[in-house]
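Trainee: Here you go, this is final.cif (mmCIF, C-alpha atoms).
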```
data_structure
loop_
_atom_site.group_PDB
_atom_site.id
_atom_site.type_symbol
_atom_site.label_atom_id
_atom_site.label_comp_id
_atom_site.auth_asym_id
_atom_site.auth_seq_id
_atom_site.Cartn_x
_atom_site.Cartn_y
_atom_site.Cartn_z
ATOM 1 C CA MET V 1009 4.444 30.495 10.577
ATOM 2 C CA THR V 1010 4.487 31.257 6.902
ATOM 3 C CA PRO V 1011 5.816 28.692 4.485
ATOM 4 C CA GLU V 1012 8.612 30.228 2.531
ATOM 5 C CA ARG V 1013 7.786 30.859 -1.104
ATOM 6 C CA ARG V 1014 10.603 30.176 -3.460
ATOM 7 C CA VAL V 1015 10.547 29.831 -7.212
ATOM 8 C CA TYR V 1016 12.519 26.793 -8.268
ATOM 9 C CA LYS V 1017 14.233 27.063 -11.616
ATOM 10 C CA ARG V 1018 15.302 24.058 -13.614
ATOM 11 C CA ASP V 1019 19.010 23.564 -13.097
ATOM 12 C CA VAL V 1020 20.996 22.000 -15.914
ATOM 13 C CA ILE V 1021 23.471 20.363 -13.544
ATOM 14 C CA ILE V 1022 20.745 18.530 -11.636
ATOM 15 C CA ASP V 1023 18.970 17.497 -14.846
ATOM 16 C CA VAL V 1024 22.088 16.124 -16.524
ATOM 17 C CA THR V 1025 23.295 14.387 -13.352
ATOM 18 C CA ALA V 1026 19.958 12.666 -12.849
ATOM 19 C CA LYS V 1027 19.802 11.589 -16.486
ATOM 20 C CA LEU V 1028 23.369 10.253 -16.330
ATOM 21 C CA MET V 1029 22.975 8.457 -13.017
ATOM 22 C CA PHE V 1030 19.642 6.823 -13.860
ATOM 23 C CA PRO V 1031 20.911 4.031 -16.202
ATOM 24 C CA LEU V 1032 24.112 3.563 -14.203
ATOM 25 C CA THR V 1033 22.151 3.046 -10.993
ATOM 26 C CA LEU V 1034 19.877 0.553 -12.745
ATOM 27 C CA LEU V 1035 22.949 -1.335 -13.991
ATOM 28 C CA PHE V 1036 24.455 -1.364 -10.501
ATOM 29 C CA GLY V 1037 21.218 -2.672 -9.050
ATOM 30 C CA LEU V 1038 21.221 -5.482 -11.598
ATOM 31 C CA TYR V 1039 24.840 -6.237 -10.690
ATOM 32 C CA VAL V 1040 23.979 -6.434 -7.003
ATOM 33 C CA MET V 1041 21.053 -8.736 -7.789
ATOM 34 C CA ILE V 1042 22.742 -11.293 -10.043
ATOM 35 C CA GLY V 1043 26.414 -10.444 -10.318
ATOM 36 C CA THR V 1044 28.059 -10.731 -6.930
ATOM 37 C CA GLY V 1045 28.904 -14.103 -5.503
ATOM 38 C CA GLY V 1046 28.277 -13.680 -1.798
ATOM 39 C CA THR V 1047 26.927 -10.335 -0.711
ATOM 40 C CA GLY V 1048 23.910 -8.641 -2.158
ATOM 41 C CA GLY V 1049 20.713 -10.244 -3.270
ATOM 42 C CA GLY V 1050 17.206 -9.567 -4.338
ATOM 43 C CA PHE V 1051 16.147 -7.104 -1.673
ATOM 44 C CA GLN V 1052 19.265 -4.941 -1.819
ATOM 45 C CA GLY V 1053 19.333 -4.890 -5.617
ATOM 46 C CA GLY V 1054 15.642 -4.095 -5.801
ATOM 47 C CA THR V 1055 16.093 -1.209 -3.396
ATOM 48 C CA ILE V 1056 18.893 0.185 -5.555
ATOM 49 C CA LEU V 1057 16.680 -0.150 -8.660
ATOM 50 C CA ALA V 1058 13.925 1.702 -6.803
ATOM 51 C CA THR V 1059 16.374 4.416 -5.753
ATOM 52 C CA ALA V 1060 17.145 5.095 -9.424
ATOM 53 C CA PHE V 1061 13.444 5.672 -10.139
ATOM 54 C CA ILE V 1062 13.032 7.742 -6.970
ATOM 55 C CA LEU V 1063 15.925 9.972 -8.062
ATOM 56 C CA TYR V 1064 14.313 10.455 -11.472
ATOM 57 C CA ILE V 1065 10.900 11.233 -9.952
ATOM 58 C CA THR V 1066 12.375 13.664 -7.432
ATOM 59 C CA VAL V 1067 14.245 15.606 -10.089
ATOM 60 C CA PHE V 1068 11.689 15.683 -12.919
ATOM 61 C CA GLY V 1069 8.462 15.690 -10.921
ATOM 62 C CA THR V 1070 5.710 13.148 -10.416
ATOM 63 C CA LYS V 1071 4.026 13.789 -13.775
ATOM 64 C CA THR V 1072 7.145 13.053 -15.831
ATOM 65 C CA GLY V 1073 8.014 10.221 -13.476
ATOM 66 C CA ARG V 1074 4.638 8.626 -14.111
ATOM 67 C CA GLU V 1075 5.422 8.588 -17.825
ATOM 68 C CA LYS V 1076 8.673 6.758 -17.046
ATOM 69 C CA MET V 1077 7.013 4.309 -14.659
ATOM 70 C CA PRO V 1078 3.255 4.081 -15.392
ATOM 71 C CA GLU V 1079 0.816 2.518 -12.968
ATOM 72 C CA SER V 1080 0.290 -0.499 -15.238
ATOM 73 C CA THR V 1081 4.024 -1.198 -15.496
ATOM 74 C CA ASN V 1082 4.339 -0.900 -11.735
ATOM 75 C CA THR V 1083 1.566 -3.426 -11.149
ATOM 76 C CA PHE V 1084 3.028 -5.719 -13.804
ATOM 77 C CA PHE V 1085 6.471 -5.711 -12.172
ATOM 78 C CA SER V 1086 5.168 -6.276 -8.659
ATOM 79 C CA SER V 1087 3.186 -9.331 -9.731
ATOM 80 C CA PHE V 1088 5.762 -10.570 -12.262
ATOM 81 C CA GLY V 1089 8.422 -10.708 -9.536
ATOM 82 C CA LEU V 1090 6.176 -12.850 -7.352
ATOM 83 C CA PHE V 1091 5.434 -15.013 -10.404
ATOM 84 C CA LEU V 1092 9.154 -15.552 -11.044
ATOM 85 C CA TYR V 1093 9.837 -16.486 -7.419
ATOM 86 C CA ASN V 1094 6.882 -18.833 -7.208
ATOM 87 C CA GLY V 1095 7.648 -20.273 -10.641
ATOM 88 C CA ALA V 1096 11.224 -21.081 -9.637
ATOM 89 C CA GLY V 1097 9.799 -22.972 -6.695
ATOM 90 C CA TRP V 1098 7.275 -24.896 -8.739
ATOM 91 C CA LEU V 1099 9.785 -25.766 -11.499
ATOM 92 C CA ALA V 1100 11.636 -28.005 -9.047
ATOM 93 C CA VAL V 1101 8.389 -29.840 -8.289
ATOM 94 C CA LEU V 1102 7.371 -30.107 -11.948
ATOM 95 C CA PHE V 1103 10.678 -31.369 -13.328
ATOM 96 C CA THR V 1104 10.902 -34.179 -10.777
ATOM 97 C CA PHE V 1105 7.199 -35.078 -11.068
ATOM 98 C CA GLY V 1106 6.512 -34.209 -7.460
ATOM 99 C CA ALA V 1107 9.475 -36.080 -5.952
ATOM 100 C CA ALA V 1108 11.244 -32.920 -4.776
ATOM 101 C CA GLN V 1109 9.870 -30.243 -2.515
ATOM 102 C CA TRP V 1110 8.960 -26.701 -3.430
ATOM 103 C CA LEU V 1111 12.054 -24.537 -4.119
ATOM 104 C CA ASN V 1112 14.368 -27.567 -3.887
ATOM 105 C CA MET V 1113 16.741 -26.186 -6.503
ATOM 106 C CA SER V 1114 19.222 -29.052 -6.533
ATOM 107 C CA ALA V 1115 16.527 -31.277 -8.107
ATOM 108 C CA PHE V 1116 16.359 -29.070 -11.181
ATOM 109 C CA TRP V 1117 17.797 -31.570 -13.648
ATOM 110 C CA PRO V 1118 17.946 -29.684 -16.999
ATOM 111 C CA VAL V 1119 20.526 -27.315 -15.574
ATOM 112 C CA ALA V 1120 21.977 -29.724 -13.018
ATOM 113 C CA ASP V 1121 23.113 -32.100 -15.772
ATOM 114 C CA TYR V 1122 25.403 -29.407 -17.113
ATOM 115 C CA VAL V 1123 26.724 -27.577 -14.058
ATOM 116 C CA GLY V 1124 26.086 -29.934 -11.145
ATOM 117 C CA THR V 1125 23.526 -29.619 -8.393
ATOM 118 C CA ALA V 1126 25.246 -26.783 -6.535
ATOM 119 C CA GLY V 1127 25.702 -24.921 -9.799
ATOM 120 C CA ALA V 1128 22.064 -25.404 -10.724
ATOM 121 C CA ARG V 1129 20.973 -24.180 -7.317
ATOM 122 C CA SER V 1130 23.048 -21.008 -7.458
ATOM 123 C CA PHE V 1131 22.039 -20.418 -11.085
ATOM 124 C CA LEU V 1132 18.338 -20.571 -10.284
ATOM 125 C CA VAL V 1133 18.597 -18.663 -7.021
ATOM 126 C CA SER V 1134 20.562 -15.811 -8.546
ATOM 127 C CA TYR V 1135 18.751 -15.583 -11.863
ATOM 128 C CA MET V 1136 15.143 -16.320 -10.944
ATOM 129 C CA VAL V 1137 14.584 -15.938 -7.210
ATOM 130 C CA SER V 1138 16.753 -12.848 -6.756
ATOM 131 C CA VAL V 1139 15.441 -11.123 -9.852
ATOM 132 C CA GLY V 1140 11.886 -11.917 -8.789
ATOM 133 C CA ILE V 1141 12.387 -10.504 -5.306
ATOM 134 C CA GLY V 1142 14.169 -7.498 -6.763
ATOM 135 C CA LEU V 1143 11.414 -6.620 -9.234
ATOM 136 C CA THR V 1144 8.727 -6.869 -6.556
ATOM 137 C CA VAL V 1145 10.706 -4.764 -4.088
ATOM 138 C CA MET V 1146 11.408 -2.146 -6.759
ATOM 139 C CA ALA V 1147 7.754 -1.872 -7.769
ATOM 140 C CA SER V 1148 6.601 -1.666 -4.143
ATOM 141 C CA PHE V 1149 9.084 1.057 -3.232
ATOM 142 C CA VAL V 1150 8.302 3.142 -6.322
ATOM 143 C CA SER V 1151 4.579 2.758 -5.651
ATOM 144 C CA GLN V 1152 5.040 3.874 -2.029
ATOM 145 C CA TYR V 1153 7.005 6.898 -3.148
ATOM 146 C CA PHE V 1154 4.344 7.851 -5.670
ATOM 147 C CA ASP V 1155 1.634 7.531 -3.023
ATOM 148 C CA LEU V 1156 3.515 9.889 -0.741
ATOM 149 C CA ALA V 1157 4.728 12.418 -3.297
ATOM 150 C CA TRP V 1158 1.748 12.582 -5.632
ATOM 151 C CA LYS V 1159 -0.296 15.772 -5.390
ATOM 152 C CA GLU V 1160 -3.663 16.389 -6.955
ATOM 153 C CA GLU V 1161 -4.436 19.554 -8.897
ATOM 154 C CA ASP V 1162 -6.417 21.276 -6.148
ATOM 155 C CA GLU V 1163 -3.710 20.471 -3.652
ATOM 156 C CA MET V 1164 -1.119 22.203 -5.804
ATOM 157 C CA GLU V 1165 -3.075 25.488 -5.866
ATOM 158 C CA GLU V 1166 -3.564 25.403 -2.134
ATOM 159 C CA GLY V 1167 0.161 25.751 -1.620
ATOM 160 C CA GLY V 1168 2.508 24.134 0.812
ATOM 161 C CA GLU V 1169 6.085 23.802 -0.198
ATOM 162 C CA GLY V 1170 6.005 21.018 -2.749
ATOM 163 C CA MET B 534 38.123 -4.904 13.527
ATOM 164 C CA ILE B 535 40.306 -1.865 13.996
ATOM 165 C CA LEU B 536 39.705 -0.279 17.372
ATOM 166 C CA PRO B 537 40.484 3.416 16.612
ATOM 167 C CA ILE B 538 38.175 3.390 13.588
ATOM 168 C CA ASP B 539 35.458 1.742 15.666
ATOM 169 C CA LEU B 540 35.720 4.371 18.392
ATOM 170 C CA LEU B 541 35.739 7.181 15.814
ATOM 171 C CA LEU B 542 32.627 5.776 14.109
ATOM 172 C CA LEU B 543 30.818 5.456 17.443
ATOM 173 C CA LEU B 544 31.746 9.043 18.302
ATOM 174 C CA PHE B 545 30.348 10.191 14.947
ATOM 175 C CA LEU B 546 27.192 8.177 15.609
ATOM 176 C CA LEU B 547 26.710 9.922 18.951
ATOM 177 C CA ILE B 548 27.267 13.374 17.455
ATOM 178 C CA VAL B 549 25.020 12.866 14.425
ATOM 179 C CA GLY B 550 22.254 11.189 16.438
ATOM 180 C CA THR B 551 22.179 13.939 19.042
ATOM 181 C CA ALA B 552 22.198 16.597 16.341
ATOM 182 C CA ALA B 553 19.291 14.916 14.519
ATOM 183 C CA LEU B 554 17.295 15.011 17.743
ATOM 184 C CA LEU B 555 18.094 18.597 18.634
ATOM 185 C CA VAL B 556 17.877 20.374 15.287
ATOM 186 C CA ARG B 557 14.745 22.464 14.554
ATOM 187 C CA ASP B 558 14.823 22.198 10.768
ATOM 188 C CA LEU B 559 13.139 18.929 9.767
ATOM 189 C CA LEU B 560 14.966 18.796 6.415
ATOM 190 C CA ALA B 561 18.284 18.964 8.257
ATOM 191 C CA ALA B 562 17.036 16.255 10.627
ATOM 192 C CA ILE B 563 16.270 13.978 7.659
ATOM 193 C CA VAL B 564 19.697 14.563 6.128
ATOM 194 C CA LEU B 565 21.311 13.866 9.521
ATOM 195 C CA ALA B 566 19.310 10.634 9.802
ATOM 196 C CA GLY B 567 20.688 9.631 6.383
ATOM 197 C CA ALA B 568 24.217 10.375 7.575
ATOM 198 C CA TYR B 569 23.505 8.284 10.688
ATOM 199 C CA SER B 570 22.508 5.390 8.430
ATOM 200 C CA PHE B 571 25.711 5.657 6.427
ATOM 201 C CA ILE B 572 27.884 5.652 9.556
ATOM 202 C CA MET B 573 25.858 2.722 10.866
ATOM 203 C CA ALA B 574 26.572 0.872 7.593
ATOM 204 C CA ASN B 575 30.270 1.423 8.218
ATOM 205 C CA VAL B 576 29.860 0.015 11.726
ATOM 206 C CA TRP B 577 28.201 -3.106 10.316
ATOM 207 C CA LEU B 578 31.090 -3.401 7.862
ATOM 208 C CA GLN B 579 33.536 -3.171 10.764
ATOM 209 C CA LEU B 580 31.632 -5.949 12.518
ATOM 210 C CA GLY B 581 31.989 -8.134 9.422
ATOM 211 C CA ALA B 582 28.321 -8.185 8.381
ATOM 212 C CA THR B 583 28.612 -7.106 4.754
ATOM 213 C CA ASP B 584 25.053 -8.063 3.874
ATOM 214 C CA VAL B 585 23.588 -6.005 6.687
ATOM 215 C CA ALA B 586 25.840 -3.099 5.748
ATOM 216 C CA PHE B 587 24.626 -3.295 2.168
ATOM 217 C CA THR B 588 20.986 -3.301 3.234
ATOM 218 C CA GLU B 589 21.556 -0.457 5.667
ATOM 219 C CA ALA B 590 23.197 1.688 2.981
ATOM 220 C CA ALA B 591 20.506 0.950 0.397
ATOM 221 C CA VAL B 592 17.408 1.128 2.589
ATOM 222 C CA GLY B 593 18.411 3.374 5.484
ATOM 223 C CA ALA B 594 20.369 5.976 3.592
ATOM 224 C CA GLY B 595 18.737 5.712 0.174
ATOM 225 C CA ALA B 596 15.123 4.687 0.237
ATOM 226 C CA SER B 597 13.936 5.775 3.668
ATOM 227 C CA THR B 598 15.533 9.216 3.275
ATOM 228 C CA ALA B 599 13.651 9.649 0.008
ATOM 229 C CA LEU B 600 10.402 8.519 1.635
ATOM 230 C CA PHE B 601 10.932 10.968 4.515
ATOM 231 C CA MET B 602 11.525 13.731 1.951
ATOM 232 C CA ALA B 603 8.241 12.859 0.258
ATOM 233 C CA CYS B 604 6.508 13.083 3.645
ATOM 234 C CA LEU B 605 8.146 16.452 4.290
ATOM 235 C CA SER B 606 6.577 17.887 1.134
ATOM 236 C CA ARG B 607 3.205 17.578 2.930
ATOM 237 C CA VAL B 608 4.079 18.951 6.379
ATOM 238 C CA PRO B 609 5.641 22.269 7.438
ATOM 239 C CA ARG B 610 9.399 22.304 7.339
ATOM 240 C CA TRP B 611 10.058 24.018 10.665
ATOM 241 C CA GLU B 612 9.228 22.513 14.014
ATOM 242 C CA LYS B 613 6.883 24.621 16.160
ATOM 243 C CA GLU B 614 8.507 26.538 18.997
#
```
Spell out the structure here as structure tokens.
Mentor:
Amino acid sequence: MTPERRVYKRDVIIDVTAKLMFPLTLLFGLYVMIGTGGTGGGFQGGTILATAFILYITVFGTKTGREKMPESTNTFFSSFGLFLYNGAGWLAVLFTFGAAQWLNMSAFWPVADYVGTAGARSFLVSYMVSVGIGLTVMASFVSQYFDLAWKEEDEMEEGGEG
Amino acid sequence: MILPIDLLLLLFLLIVGTAALLVRDLLAAIVLAGAYSFIMANVWLQLGATDVAFTEAAVGAGASTALFMACLSRVPRWEKE
């Protein structure tokens, strides 16, 4: 069984399509995370954000993809998302001086005074909790994809069909 | 729920799932698994679970297909006879 050797040329259609779709997919992921009223949410939006990066990495290779999404940025996003989620939970405790429970969004008075308790809850859930979940999911998926697709120098010479 | 569309989707599911099992080319099997996920998302939509359909389309057809592709770059493409 011989692996077929084929020389892949850079195709302008694939390059331009990937470059065009990358920001649009990111925008759509953001819309799914914070825009829609009922459906969607952090996990789905984060997966769509990750799919944009995966498309970019698949088309332009892991080296160029690493420049777009460095290891440090990846780690920052995966912990910053957790920080946002946890912080949204602790804000409810802090603003009521411990009277409300963790993640009890309706007790968040600075926003609740303006838009009501239900409004404050949906505001915080969509803008902090969902974005936090989404960032963590995006960073985890991109990191998984890098772990699977990354090839070291000696591995490249050895062959296979990368 | 519209019954003819449901039956058509289930028929497609059967065809695509059987083809993904039987095909020798692993790349074609991955693409068929992605198609299976998309049809399954439509089935969820028919059942009224929009959230599940959304997740199925994003994870099943988008992310997991890409992860399978990344795995395929490390293993031979053709299944052994």
Trainee: If the PyMOL selection byres ((chain V) within 6 of (chain B)) were run on this exact file, what residues would it hold? Put them as a JSON list (two decimals) with C-alpha atoms, in the coordinates of the input.
Mentor:
```
[["chain", "number", "residue", "atom", "x", "y", "z"],
["V", 1047, "THR", "CA", 26.93, -10.34, -0.71],
["V", 1052, "GLN", "CA", 19.26, -4.94, -1.82],
["V", 1156, "LEU", "CA", 3.52, 9.89, -0.74],
["V", 1157, "ALA", "CA", 4.73, 12.42, -3.30],
["V", 1170, "GLY", "CA", 6.00, 21.02, -2.75]]
```
Trainee: Contacts of Val564 (chain B) at 8 Å or less, counting all atoms listed in the file, minus same-chain residues fewer than 4 places along, as a PyMOL selection string?
Mentor: chain B and resi 560+568+598
Trainee: Applying the PyMOL selection byres ((chain B and resi 538) around 12) to the file I just gave you, which residues come out? Please list them as a list in words.
Mentor: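 Output from the PyMOL selection byres ((chain B and resi 538) around 12), applied to this file: Met534, Ile535, Leu536, Pro537, Asp539, Leu540, Leu541, Leu542, Leu543, Leu544, Phe545, Ile572, Asn575, Val576, Leu578, Gln579 and Leu580 of chain B.
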Trainee: Looking at V:Gln1109, V:Ser1086, V:Thr1033, V:Thr1070, which one is nearest to Ser1148 (chain V), with distances taken over only C-alpha atoms?
Mentor: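 Closest to Ser1148 (chain V), using only C-alpha atoms: V:Ser1086.
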Trainee: Pick the closest to Ile548 (chain B) from B:Ala574, B:Tyr569, B:Ala594, B:Ala562: which is it, counting only C-alpha atoms?
Mentor: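 Counting only C-alpha atoms, the residue closest to Ile548 (chain B) is B:Tyr569.
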Trainee: Could the centre and edge lengths of an axis-aligned box, enclosing all atoms of region 1129-1145 of chain V in the file with 8 Å extra on each side, be given in Å to one decimal as AutoDock Vina command-line options?
Mentor:
```
--center_x 15.9 --center_y -14.5 --center_z -8.0 --size_x 30.3 --size_y 35.4 --size_z 23.8
```
Trainee: Using all atoms listed in the file, which protein or nucleic acid residues come within 8 Å of Tyr1064 (chain V)? Drop anything in the same chain fewer than 5 positions from it, and give the result as number ranges by chain.
Mentor: V: 1026-1027, 1030, 1069, 1073
Trainee: Would you kindly translate the PyMOL selection byres ((chain V and resi 1113) around 7) into the concrete residues it picks from this file, as an MDAnalysis selection string?
Mentor: chainID V and resid 1100 1111:1112 1114:1116 1128:1129 1132
Trainee: Those residues with C-alpha atoms, as a PDB file, keeping the file's coordinate frame please?
Mentor:
```pdb
ATOM      1  CA  ALA V1100      11.636 -28.005  -9.047  1.00  0.00           C
ATOM      2  CA  LEU V1111      12.054 -24.537  -4.119  1.00  0.00           C
ATOM      3  CA  ASN V1112      14.368 -27.567  -3.887  1.00  0.00           C
ATOM      4  CA  SER V1114      19.222 -29.052  -6.533  1.00  0.00           C
ATOM      5  CA  ALA V1115      16.527 -31.277  -8.107  1.00  0.00           C
ATOM      6  CA  PHE V1116      16.359 -29.070 -11.181  1.00  0.00           C
ATOM      7  CA  ALA V1128      22.064 -25.404 -10.724  1.00  0.00           C
ATOM      8  CA  ARG V1129      20.973 -24.180  -7.317  1.00  0.00           C
ATOM      9  CA  LEU V1132      18.338 -20.571 -10.284  1.00  0.00           C
TER      10      LEU V1132
END
```
Trainee: Calculate how many Å separate CA of Leu1102 (chain V) from CA of Thr1083 (chain V), rounding to one decimal.
Mentor: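 Value for the CA of Leu1102 (chain V)-CA of Thr1083 (chain V) distance: 27.3 Å.
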Trainee: Can you measure CA of Gly1124 (chain V) to CA of Val1101 (chain V) for me? One decimal in Å is fine.
Mentor: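 Separation between CA of Gly1124 (chain V) and CA of Val1101 (chain V): 17.9 Å.
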Trainee: So how many Å separate CA of Ala1126 (chain V) and CA of Asn1094 (chain V), to one decimal?
Mentor: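 It comes out at 20.0 Å.
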Trainee: With N, CA and C atoms as the goal, would you fill in the gaps in region 559-587 of chain B and present it as a short mmCIF file (atom, residue, chain, number, x, y, z; two decimals), keeping the file's coordinate frame?
Mentor:
```cif
data_model
loop_
_atom_site.label_atom_id
_atom_site.label_comp_id
_atom_site.auth_asym_id
_atom_site.auth_seq_id
_atom_site.Cartn_x
_atom_site.Cartn_y
_atom_site.Cartn_z
N LEU B 559 13.40 20.35 9.99
CA LEU B 559 13.14 18.93 9.77
C LEU B 559 13.91 18.38 8.57
N LEU B 560 14.18 19.24 7.56
CA LEU B 560 14.97 18.80 6.42
C LEU B 560 16.37 18.42 6.86
N ALA B 561 16.96 19.27 7.73
CA ALA B 561 18.28 18.96 8.26
C ALA B 561 18.25 17.69 9.09
N ALA B 562 17.15 17.47 9.82
CA ALA B 562 17.04 16.26 10.63
C ALA B 562 17.02 15.02 9.73
N ILE B 563 16.32 15.13 8.57
CA ILE B 563 16.27 13.98 7.66
C ILE B 563 17.65 13.69 7.09
N VAL B 564 18.36 14.76 6.69
CA VAL B 564 19.70 14.56 6.13
C VAL B 564 20.63 13.97 7.19
N LEU B 565 20.48 14.42 8.45
CA LEU B 565 21.31 13.87 9.52
C LEU B 565 20.97 12.40 9.77
N ALA B 566 19.69 12.04 9.64
CA ALA B 566 19.31 10.63 9.80
C ALA B 566 19.93 9.79 8.70
N GLY B 567 20.01 10.35 7.47
CA GLY B 567 20.69 9.63 6.38
C GLY B 567 22.16 9.44 6.67
N ALA B 568 22.80 10.49 7.21
CA ALA B 568 24.22 10.38 7.58
C ALA B 568 24.41 9.33 8.67
N TYR B 569 23.47 9.29 9.62
CA TYR B 569 23.50 8.28 10.69
C TYR B 569 23.46 6.88 10.09
N SER B 570 22.61 6.71 9.06
CA SER B 570 22.51 5.39 8.43
C SER B 570 23.81 5.00 7.75
N PHE B 571 24.45 5.98 7.11
CA PHE B 571 25.71 5.66 6.43
C PHE B 571 26.79 5.26 7.43
N ILE B 572 26.88 6.00 8.55
CA ILE B 572 27.88 5.65 9.56
C ILE B 572 27.57 4.29 10.15
N MET B 573 26.26 4.03 10.33
CA MET B 573 25.86 2.72 10.87
C MET B 573 26.24 1.60 9.90
N ALA B 574 26.15 1.88 8.58
CA ALA B 574 26.57 0.87 7.59
C ALA B 574 28.06 0.59 7.74
N ASN B 575 28.84 1.63 8.01
CA ASN B 575 30.27 1.42 8.22
C ASN B 575 30.53 0.60 9.46
N VAL B 576 29.70 0.80 10.51
CA VAL B 576 29.86 0.02 11.73
C VAL B 576 29.57 -1.45 11.45
N TRP B 577 28.51 -1.72 10.68
CA TRP B 577 28.20 -3.11 10.32
C TRP B 577 29.36 -3.72 9.55
N LEU B 578 29.95 -2.91 8.64
CA LEU B 578 31.09 -3.40 7.86
C LEU B 578 32.26 -3.75 8.78
N GLN B 579 32.48 -2.90 9.79
CA GLN B 579 33.54 -3.17 10.76
C GLN B 579 33.26 -4.45 11.53
N LEU B 580 31.98 -4.74 11.78
CA LEU B 580 31.63 -5.95 12.52
C LEU B 580 31.65 -7.19 11.64
N GLY B 581 31.87 -6.99 10.31
CA GLY B 581 31.99 -8.13 9.42
C GLY B 581 30.69 -8.58 8.79
N ALA B 582 29.61 -7.81 8.96
CA ALA B 582 28.32 -8.18 8.38
C ALA B 582 28.12 -7.38 7.10
N THR B 583 28.67 -7.88 6.00
CA THR B 583 28.61 -7.11 4.75
C THR B 583 27.19 -7.00 4.21
N ASP B 584 26.43 -8.07 4.37
CA ASP B 584 25.05 -8.06 3.87
C ASP B 584 24.21 -7.01 4.58
N VAL B 585 24.35 -6.98 5.91
CA VAL B 585 23.59 -6.00 6.69
C VAL B 585 24.02 -4.59 6.33
N ALA B 586 25.34 -4.43 6.11
CA ALA B 586 25.84 -3.10 5.75
C ALA B 586 25.26 -2.66 4.42
N PHE B 587 25.19 -3.59 3.49
CA PHE B 587 24.63 -3.30 2.17
C PHE B 587 23.17 -2.86 2.29
#
```
